[in-house]
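J.: Structure provided below as structure tokens; questions to follow.
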Amino acid sequence: MELRQASAGSGPSGPVPPHEVPADAAIRRRLAELHMQSAELDGALQLTAVGRSGGALRALLDAPELVDAARAVDPVALAELTARAAIAHIIADASEAGDPLIPTASGRDAAVTALAGRLGGRLPGSDRGPTRLLLRAAVPLASRMAVRRRSAITHATHPAAGDIMRYLAAGAGHRVDLADLVLAQSPPVVLLCHSLGGVIAVDTLVERPLPHVELLVTVGSQAPFLYETDALPSLRYPKPLPSWFPTWLNIYDPRDLLAFVAKPLFPDHATDHPLSSGEPFPQSHSAYWSNPELYDTLAARLR
């Protein structure tokens, strides 16, 4: 998409005049060379999603967008655009394959910088200049659009959340198991829960007093959304949380469209803490655990 945007004002494409070197010849030559060395490139990029750079470079070699982009921007900007497209392709492939080790935002950016240098872009640590700033401004375009349309996207995707639906239909056993696990621990207990785990924990703590639990920490949880839509099994909307419910720290990424704030609904118990991973959705829903800020937040709360 960024390659297409870069070439938007370049005018209509056409055949290359005789004896004129195509504008994309240099970048394609570099891509072809790197494609031949894709195994070595996988290690140099230091991505957790390994073994996928060959397919990404092959896709770019065949991409018609490369021609018009090469005519519209300077070689340095083209190298950076091409590197970003390649890394995006690698991450998309890993995500579609269910790779649990999707690169972190910092790892992704470092890989882009390293690959751009090999394609003729700026070397790491060099002056980035206005072109780089413009490119960075375009990075989160799709993610920002999704955040602005959060409500519509959530309503469209919610019926597909099969794991949550199964829990809502038959989740009593999970609540019993969690309560038994808590009671088997020495107090005080802190519950740290992600996604559906936060729904189960909230449900369990509403259903019965568990004084062992001193703090509930939910990360990327849908519990507030289910409560507000009157779908939380243990608490009908708009009833408040019971008096025995523990202190609740709710951590969410604004780009995670499966995470919801809790304090507006439960002001006496919940505190919301935004935490940005820099990842787009859906990677943002699993990126909490590779974000050092999460552990800093927990450490400060548990002191």
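Simple scheme: letters A, B, ... for chains in structure tokens order, numbers from 1 for residues in each chain, numbers from 1 for ligands in the order shown.
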Can you tell me which residues surround segment 113-117 of chain A at a distance of at most 8 Å, considering only C-alpha atoms, apart from same-chain residues fewer than 5 positions away, and format the answer as a list of chain:residue names?
T.: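 Once the nearby chain positions are removed, what remains is A:Ala44, A:Leu45, A:Ala79, A:Glu80, A:Thr82, A:Ala83, A:Arg84, A:Arg122, A:Leu123, A:Pro124.
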J.: Please produce a file of the residues just selected, as a short mmCIF file (atom, residue, chain, number, x, y, z; two decimals), in the first residue's frame, where the atoms kept are N, CA and C atoms.
T.:
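New file out_21.cif:
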data_model
loop_
_atom_site.label_atom_id
_atom_site.label_comp_id
_atom_site.auth_asym_id
_atom_site.auth_seq_id
_atom_site.Cartn_x
_atom_site.Cartn_y
_atom_site.Cartn_z
N ALA A 44 20.30 -12.33 9.84
CA ALA A 44 20.71 -10.93 9.97
C ALA A 44 19.56 -10.05 10.44
N LEU A 45 18.34 -10.36 10.05
CA LEU A 45 17.19 -9.55 10.45
C LEU A 45 16.79 -9.77 11.89
N ALA A 79 14.19 2.32 -1.13
CA ALA A 79 14.77 1.22 -0.35
C ALA A 79 14.02 1.06 0.98
N GLU A 80 13.70 2.18 1.61
CA GLU A 80 13.00 2.10 2.89
C GLU A 80 11.57 1.60 2.71
N THR A 82 10.51 -0.35 0.31
CA THR A 82 10.58 -1.76 -0.06
C THR A 82 10.90 -2.62 1.16
N ALA A 83 11.79 -2.14 2.01
CA ALA A 83 12.12 -2.89 3.23
C ALA A 83 10.89 -3.01 4.13
N ARG A 84 10.14 -1.93 4.25
CA ARG A 84 8.94 -1.98 5.10
C ARG A 84 7.93 -2.96 4.52
N ARG A 122 19.30 4.32 4.10
CA ARG A 122 20.21 4.87 5.10
C ARG A 122 20.69 3.76 6.03
N LEU A 123 21.94 3.85 6.40
CA LEU A 123 22.48 2.89 7.33
C LEU A 123 22.00 3.22 8.74
N PRO A 124 21.91 2.22 9.63
CA PRO A 124 21.47 2.48 11.00
C PRO A 124 22.30 3.57 11.66
#
J.: Please provide as a list in words all residues within 9 Å of Leu81 of chain A, with the sequence filter that same-chain residues fewer than 4 positions apart are discarded (counting only C-alpha atoms).
T.: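 Residues near the query, excluding close chain neighbours: Glu2, Leu3, Ala6, Ala69, Val76, Ala77, Ala85, Ala86, Ala116 and Leu135 of chain A.
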J.: Go through A:Ser290, A:Gln283, A:Ser38, A:Ser95 one by one, measure the shortest atom-to-atom distance of each to Gly51 of chain A using only C-alpha atoms, and give the residue with the smallest value.
T.: A:Ser38
J.: List the neighbours of segment 234-247 of chain A out to 12 Å using only C-alpha atoms; skip same-chain residues closer than 3 positions along the sequence, and give me the result as an MDAnalysis selection string.
T.: chainID A and resid 168 171:172 175 188:191 199:218 223:231 250 262:272 301
J.: Under the rule that only C-alpha atoms are counted, which of A:Ser186, A:Gln222, A:Thr104, A:Ser53 is the nearest residue to Tyr288 of chain A?
T.: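 Distance minimum relative to Tyr288 of chain A lands on A:Thr104.
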J.: Taking only C-alpha atoms into account, name the residue in A:Glu293, A:Asp68, A:Glu96, A:Glu279 that is nearest to Asp256 of chain A.
T.: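 The closest residue to Asp256 of chain A is A:Glu279.
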